[in-house]
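Chemist: Shown below is the structure under consideration.
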Amino acid sequence: MTKEPELKPCHMCNSEMDYCTLMGQMHFHCDTCNSTTKFNKVGAAINEQMAMFNNRISPWIDVNDRLPEDELDCFVVVVDENSGLGRCEKATYMVEPKNYFWAYPHIITANDEVTHWMPIFTLPKLKDE
(Lines give C-alpha, C1' and ligand atoms only; values in the text may rest on other atoms or scores of the structure.)
Protein backbone atom coordinates (compact mmCIF):
# COMPACT_ATOMS: atom_id res chain seq x y z
CA MET A 1 0.00 0.00 0.00
CA THR A 2 1.34 3.43 -0.98
CA LYS A 3 1.75 5.96 1.79
CA GLU A 4 -0.05 9.29 1.26
CA PRO A 5 2.32 12.25 0.94
CA GLU A 6 2.30 14.81 3.72
CA LEU A 7 0.41 17.99 2.83
CA LYS A 8 2.38 21.21 2.72
CA PRO A 9 1.06 24.04 4.93
CA CYS A 10 -1.48 26.59 3.76
CA HIS A 11 0.05 29.08 1.30
CA MET A 12 -1.97 31.93 2.85
CA CYS A 13 -1.28 31.52 6.58
CA ASN A 14 1.19 28.60 6.86
CA SER A 15 -1.22 26.55 9.02
CA GLU A 16 -1.95 22.85 8.69
CA MET A 17 -4.19 21.80 5.81
CA ASP A 18 -6.86 19.10 5.71
CA TYR A 19 -8.56 17.45 2.73
CA CYS A 20 -11.67 15.57 1.74
CA THR A 21 -13.22 14.16 -1.41
CA LEU A 22 -16.60 15.48 -2.53
CA MET A 23 -18.20 14.05 -5.67
CA GLY A 24 -14.82 12.92 -7.03
CA GLN A 25 -13.07 16.25 -6.40
CA MET A 26 -10.31 16.80 -3.86
CA HIS A 27 -10.93 19.79 -1.58
CA PHE A 28 -8.00 21.10 0.49
CA HIS A 29 -9.06 23.33 3.36
CA CYS A 30 -7.39 25.45 6.07
CA ASP A 31 -9.47 25.92 9.22
CA THR A 32 -7.30 28.85 10.34
CA CYS A 33 -7.83 31.24 7.40
CA ASN A 34 -10.68 29.37 5.66
CA SER A 35 -8.65 29.05 2.43
CA THR A 36 -9.96 26.31 0.12
CA THR A 37 -8.40 24.82 -2.99
CA LYS A 38 -10.09 22.19 -5.11
CA PHE A 39 -8.91 20.11 -8.04
CA ASN A 40 -11.30 18.96 -10.74
CA LYS A 41 -9.21 16.00 -11.81
CA VAL A 42 -11.99 13.47 -11.28
CA GLY A 43 -10.78 9.92 -10.77
CA ALA A 44 -7.15 10.86 -10.14
CA ALA A 45 -5.51 9.01 -7.30
CA ILE A 46 -5.38 10.77 -3.93
CA ASN A 47 -1.56 10.75 -4.04
CA GLU A 48 -1.59 12.45 -7.45
CA GLN A 49 -3.99 15.18 -6.30
CA MET A 50 -2.04 15.74 -3.07
CA ALA A 51 1.14 16.12 -5.15
CA MET A 52 -0.64 18.70 -7.35
CA PHE A 53 -1.65 20.62 -4.21
CA ASN A 54 1.87 20.47 -2.76
CA ASN A 55 3.40 21.74 -6.02
CA ARG A 56 1.12 24.76 -6.35
CA ILE A 57 2.78 28.15 -6.56
CA SER A 58 2.11 30.62 -3.77
CA PRO A 59 1.14 34.11 -4.93
CA TRP A 60 2.99 35.64 -1.93
CA ILE A 61 6.47 37.04 -2.54
CA ASP A 62 8.91 37.24 0.37
CA VAL A 63 10.26 40.81 0.80
CA ASN A 64 13.72 39.28 1.23
CA ASP A 65 13.47 37.76 -2.26
CA ARG A 66 12.10 40.76 -4.16
CA LEU A 67 10.39 44.11 -3.62
CA PRO A 68 7.69 45.60 -5.88
CA GLU A 69 8.12 48.47 -8.32
CA ASP A 70 7.65 52.04 -7.13
CA GLU A 71 4.05 53.10 -6.45
CA LEU A 72 2.66 49.60 -6.95
CA ASP A 73 -0.54 48.78 -5.04
CA CYS A 74 -0.16 45.45 -3.26
CA PHE A 75 -1.66 43.16 -0.71
CA VAL A 76 0.85 42.71 2.10
CA VAL A 77 1.21 40.42 5.08
CA VAL A 78 1.87 42.62 8.12
CA VAL A 79 3.19 40.95 11.28
CA ASP A 80 3.17 42.63 14.68
CA GLU A 81 6.64 41.89 16.08
CA ASN A 82 5.38 41.99 19.70
CA SER A 83 2.44 39.59 19.36
CA GLY A 84 3.52 37.63 16.28
CA LEU A 85 0.01 38.05 14.85
CA GLY A 86 -0.29 38.69 11.13
CA ARG A 87 -2.91 40.30 8.95
CA CYS A 88 -3.44 41.12 5.30
CA GLU A 89 -3.54 44.80 4.29
CA LYS A 90 -3.63 46.85 1.11
CA ALA A 91 -0.55 49.05 0.78
CA THR A 92 1.44 50.96 -1.82
CA TYR A 93 5.18 50.49 -2.12
CA MET A 94 6.94 53.87 -2.33
CA VAL A 95 10.56 54.56 -3.27
CA GLU A 96 12.23 57.86 -2.42
CA PRO A 97 15.91 58.82 -2.65
CA LYS A 98 17.82 56.69 -0.12
CA ASN A 99 14.56 55.36 1.36
CA TYR A 100 11.61 53.08 0.69
CA PHE A 101 8.43 52.41 2.62
CA TRP A 102 4.96 50.93 2.52
CA ALA A 103 2.14 53.49 2.45
CA TYR A 104 -1.02 52.29 4.20
CA PRO A 105 -4.50 53.80 4.09
CA HIS A 106 -4.38 54.00 7.92
CA ILE A 107 -1.83 54.48 10.70
CA ILE A 108 0.40 51.54 11.55
CA THR A 109 2.68 51.00 14.54
CA ALA A 110 6.46 50.80 14.64
CA ASN A 111 6.07 47.13 15.57
CA ASP A 112 4.46 46.23 12.23
CA GLU A 113 6.70 44.50 9.70
CA VAL A 114 5.79 43.59 6.11
CA THR A 115 6.97 40.04 5.43
CA HIS A 116 5.28 39.17 2.10
CA TRP A 117 3.48 40.94 -0.73
CA MET A 118 1.55 40.22 -3.92
CA PRO A 119 0.45 42.60 -6.67
CA ILE A 120 -3.19 43.54 -6.96
CA PHE A 121 -4.01 42.34 -10.43
CA THR A 122 -6.17 44.44 -12.71
CA LEU A 123 -9.43 42.94 -13.88
CA PRO A 124 -9.68 42.04 -17.54
CA LYS A 125 -11.58 44.44 -19.74
CA LEU A 126 -14.96 43.10 -20.80
CA LYS A 127 -16.00 43.23 -24.41
CA ASP A 128 -18.68 45.80 -25.21
CA GLU A 129 -21.90 44.00 -25.87
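Lettering and numbering for the C-alpha coordinates are positional, with chains as A, B, ... in the shown order, residues counted from 1 in each chain, and ligands counted from 1 in the shown order.
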At a cut-off of 12 Å, using only C-alpha atoms, what residues contact A:Ser15? Leave out same-chain residues fewer than 4 positions from it and give the result as a ChimeraX atom specification.
Modeler: /A:7-11,29-35
Chemist: Please identify the strand (DSSP E or B) residues within stretch 15-98 of chain A (assignment by DSSP from backbone atoms) and present them as JSON, numbers by chain.
Modeler: {"A": [18, 19, 20, 21, 22, 25, 26, 27, 28, 29, 36, 37, 38, 39, 61, 62, 72, 73, 74, 75, 76, 77, 78, 79, 80, 86, 87, 88, 89, 90, 91, 92, 93, 94, 95, 96]}
Chemist: Save out the residues we just selected, N, CA and C atoms, as an mmCIF file, in the first residue's frame.
Modeler:
```cif
data_model
loop_
_atom_site.group_PDB
_atom_site.id
_atom_site.type_symbol
_atom_site.label_atom_id
_atom_site.label_comp_id
_atom_site.auth_asym_id
_atom_site.auth_seq_id
_atom_site.Cartn_x
_atom_site.Cartn_y
_atom_site.Cartn_z
ATOM 1 N N ASP A 18 -6.117 20.342 5.648
ATOM 2 C CA ASP A 18 -6.863 19.095 5.707
ATOM 3 C C ASP A 18 -7.478 18.890 4.331
ATOM 4 N N TYR A 19 -7.948 17.693 4.035
ATOM 5 C CA TYR A 19 -8.564 17.452 2.731
ATOM 6 C C TYR A 19 -9.726 16.478 2.861
ATOM 7 N N CYS A 20 -10.591 16.526 1.853
ATOM 8 C CA CYS A 20 -11.674 15.567 1.744
ATOM 9 C C CYS A 20 -12.013 15.413 0.267
ATOM 10 N N THR A 21 -12.770 14.398 -0.045
ATOM 11 C CA THR A 21 -13.218 14.164 -1.412
ATOM 12 C C THR A 21 -14.724 14.354 -1.458
ATOM 13 N N LEU A 22 -15.170 15.243 -2.343
ATOM 14 C CA LEU A 22 -16.597 15.482 -2.533
ATOM 15 C C LEU A 22 -16.922 15.295 -4.000
ATOM 16 N N GLN A 25 -14.020 15.136 -6.390
ATOM 17 C CA GLN A 25 -13.068 16.249 -6.398
ATOM 18 C C GLN A 25 -12.368 16.334 -5.057
ATOM 19 N N MET A 26 -11.070 16.596 -5.089
ATOM 20 C CA MET A 26 -10.312 16.799 -3.856
ATOM 21 C C MET A 26 -10.467 18.245 -3.425
ATOM 22 N N HIS A 27 -10.815 18.456 -2.173
ATOM 23 C CA HIS A 27 -10.926 19.787 -1.581
ATOM 24 C C HIS A 27 -9.903 19.879 -0.448
ATOM 25 N N PHE A 28 -9.003 20.861 -0.549
ATOM 26 C CA PHE A 28 -8.000 21.104 0.486
ATOM 27 C C PHE A 28 -8.433 22.351 1.238
ATOM 28 N N HIS A 29 -8.473 22.260 2.567
ATOM 29 C CA HIS A 29 -9.056 23.335 3.363
ATOM 30 C C HIS A 29 -8.180 23.660 4.567
ATOM 31 N N THR A 36 -9.582 27.593 0.716
ATOM 32 C CA THR A 36 -9.963 26.315 0.121
ATOM 33 C C THR A 36 -9.435 26.234 -1.301
ATOM 34 N N THR A 37 -8.872 25.097 -1.636
ATOM 35 C CA THR A 37 -8.401 24.824 -2.989
ATOM 36 C C THR A 37 -9.029 23.517 -3.418
ATOM 37 N N LYS A 38 -9.543 23.466 -4.644
ATOM 38 C CA LYS A 38 -10.087 22.194 -5.108
ATOM 39 C C LYS A 38 -9.506 21.871 -6.476
ATOM 40 N N PHE A 39 -9.399 20.577 -6.751
ATOM 41 C CA PHE A 39 -8.908 20.107 -8.036
ATOM 42 C C PHE A 39 -10.020 19.331 -8.711
ATOM 43 N N ILE A 61 5.048 36.851 -2.272
ATOM 44 C CA ILE A 61 6.474 37.040 -2.543
ATOM 45 C C ILE A 61 7.136 37.529 -1.261
ATOM 46 N N ASP A 62 8.179 36.854 -0.836
ATOM 47 C CA ASP A 62 8.912 37.235 0.371
ATOM 48 C C ASP A 62 9.663 38.537 0.095
ATOM 49 N N LEU A 72 3.501 50.744 -6.608
ATOM 50 C CA LEU A 72 2.664 49.602 -6.955
ATOM 51 C C LEU A 72 1.745 49.278 -5.782
ATOM 52 N N ASP A 73 0.430 49.201 -6.054
ATOM 53 C CA ASP A 73 -0.535 48.779 -5.038
ATOM 54 C C ASP A 73 -0.401 47.271 -4.844
ATOM 55 N N CYS A 74 -0.377 46.853 -3.593
ATOM 56 C CA CYS A 74 -0.157 45.446 -3.264
ATOM 57 C C CYS A 74 -1.051 45.032 -2.102
ATOM 58 N N PHE A 75 -1.201 43.726 -1.960
ATOM 59 C CA PHE A 75 -1.665 43.159 -0.714
ATOM 60 C C PHE A 75 -0.400 42.763 0.028
ATOM 61 N N VAL A 76 -0.336 43.044 1.317
ATOM 62 C CA VAL A 76 0.849 42.712 2.101
ATOM 63 C C VAL A 76 0.458 41.937 3.350
ATOM 64 N N VAL A 77 1.356 41.090 3.798
ATOM 65 C CA VAL A 77 1.210 40.424 5.082
ATOM 66 C C VAL A 77 1.982 41.265 6.086
ATOM 67 N N VAL A 78 1.277 41.775 7.088
ATOM 68 C CA VAL A 78 1.874 42.616 8.121
ATOM 69 C C VAL A 78 1.881 41.819 9.420
ATOM 70 N N VAL A 79 3.056 41.697 10.029
ATOM 71 C CA VAL A 79 3.188 40.953 11.276
ATOM 72 C C VAL A 79 3.574 41.918 12.391
ATOM 73 N N ASP A 80 2.835 41.853 13.492
ATOM 74 C CA ASP A 80 3.173 42.633 14.679
ATOM 75 C C ASP A 80 4.304 41.899 15.394
ATOM 76 N N GLY A 86 -0.361 38.123 12.471
ATOM 77 C CA GLY A 86 -0.286 38.692 11.132
ATOM 78 C C GLY A 86 -1.655 39.045 10.601
ATOM 79 N N ARG A 87 -1.659 39.917 9.608
ATOM 80 C CA ARG A 87 -2.906 40.302 8.947
ATOM 81 C C ARG A 87 -2.576 40.693 7.515
ATOM 82 N N CYS A 88 -3.593 40.713 6.686
ATOM 83 C CA CYS A 88 -3.438 41.124 5.295
ATOM 84 C C CYS A 88 -3.955 42.551 5.151
ATOM 85 N N GLU A 89 -3.178 43.399 4.492
ATOM 86 C CA GLU A 89 -3.537 44.805 4.288
ATOM 87 C C GLU A 89 -3.293 45.180 2.830
ATOM 88 N N LYS A 90 -3.937 46.239 2.403
ATOM 89 C CA LYS A 90 -3.627 46.849 1.111
ATOM 90 C C LYS A 90 -2.624 47.963 1.393
ATOM 91 N N ALA A 91 -1.567 48.019 0.595
ATOM 92 C CA ALA A 91 -0.545 49.048 0.784
ATOM 93 C C ALA A 91 0.058 49.400 -0.565
ATOM 94 N N THR A 92 0.738 50.532 -0.614
ATOM 95 C CA THR A 92 1.438 50.964 -1.815
ATOM 96 C C THR A 92 2.915 51.054 -1.492
ATOM 97 N N TYR A 93 3.737 50.436 -2.330
ATOM 98 C CA TYR A 93 5.179 50.485 -2.118
ATOM 99 C C TYR A 93 5.703 51.790 -2.702
ATOM 100 N N MET A 94 6.436 52.557 -1.909
ATOM 101 C CA MET A 94 6.937 53.866 -2.334
ATOM 102 C C MET A 94 8.463 53.894 -2.229
ATOM 103 N N VAL A 95 9.103 54.427 -3.271
ATOM 104 C CA VAL A 95 10.560 54.558 -3.270
ATOM 105 C C VAL A 95 10.898 56.037 -3.345
ATOM 106 N N GLU A 96 11.729 56.488 -2.424
ATOM 107 C CA GLU A 96 12.229 57.857 -2.418
ATOM 108 C C GLU A 96 13.753 57.777 -2.390
#
```
Chemist: Check the smallest atom-to-atom distance from each of A:Lys125, A:Glu6, A:Glu113, A:Leu85 to A:Phe53 using only C-alpha atoms, then report the winner.
Modeler: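 The closest residue to A:Phe53 is A:Glu6.
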Chemist: One decimal, in Å: what's the spacing between atom CA of A:Asn82 and atom CA of A:Ala103?
Modeler: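 Those two atoms sit 21.0 Å apart.
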Chemist: If I take atom CA of A:Pro119 and atom CA of A:Asn55, how far is one from the other in Å, to one decimal?
Modeler: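 Computing the Euclidean distance for atom CA of A:Pro119 and atom CA of A:Asn55 yields 21.1 Å.
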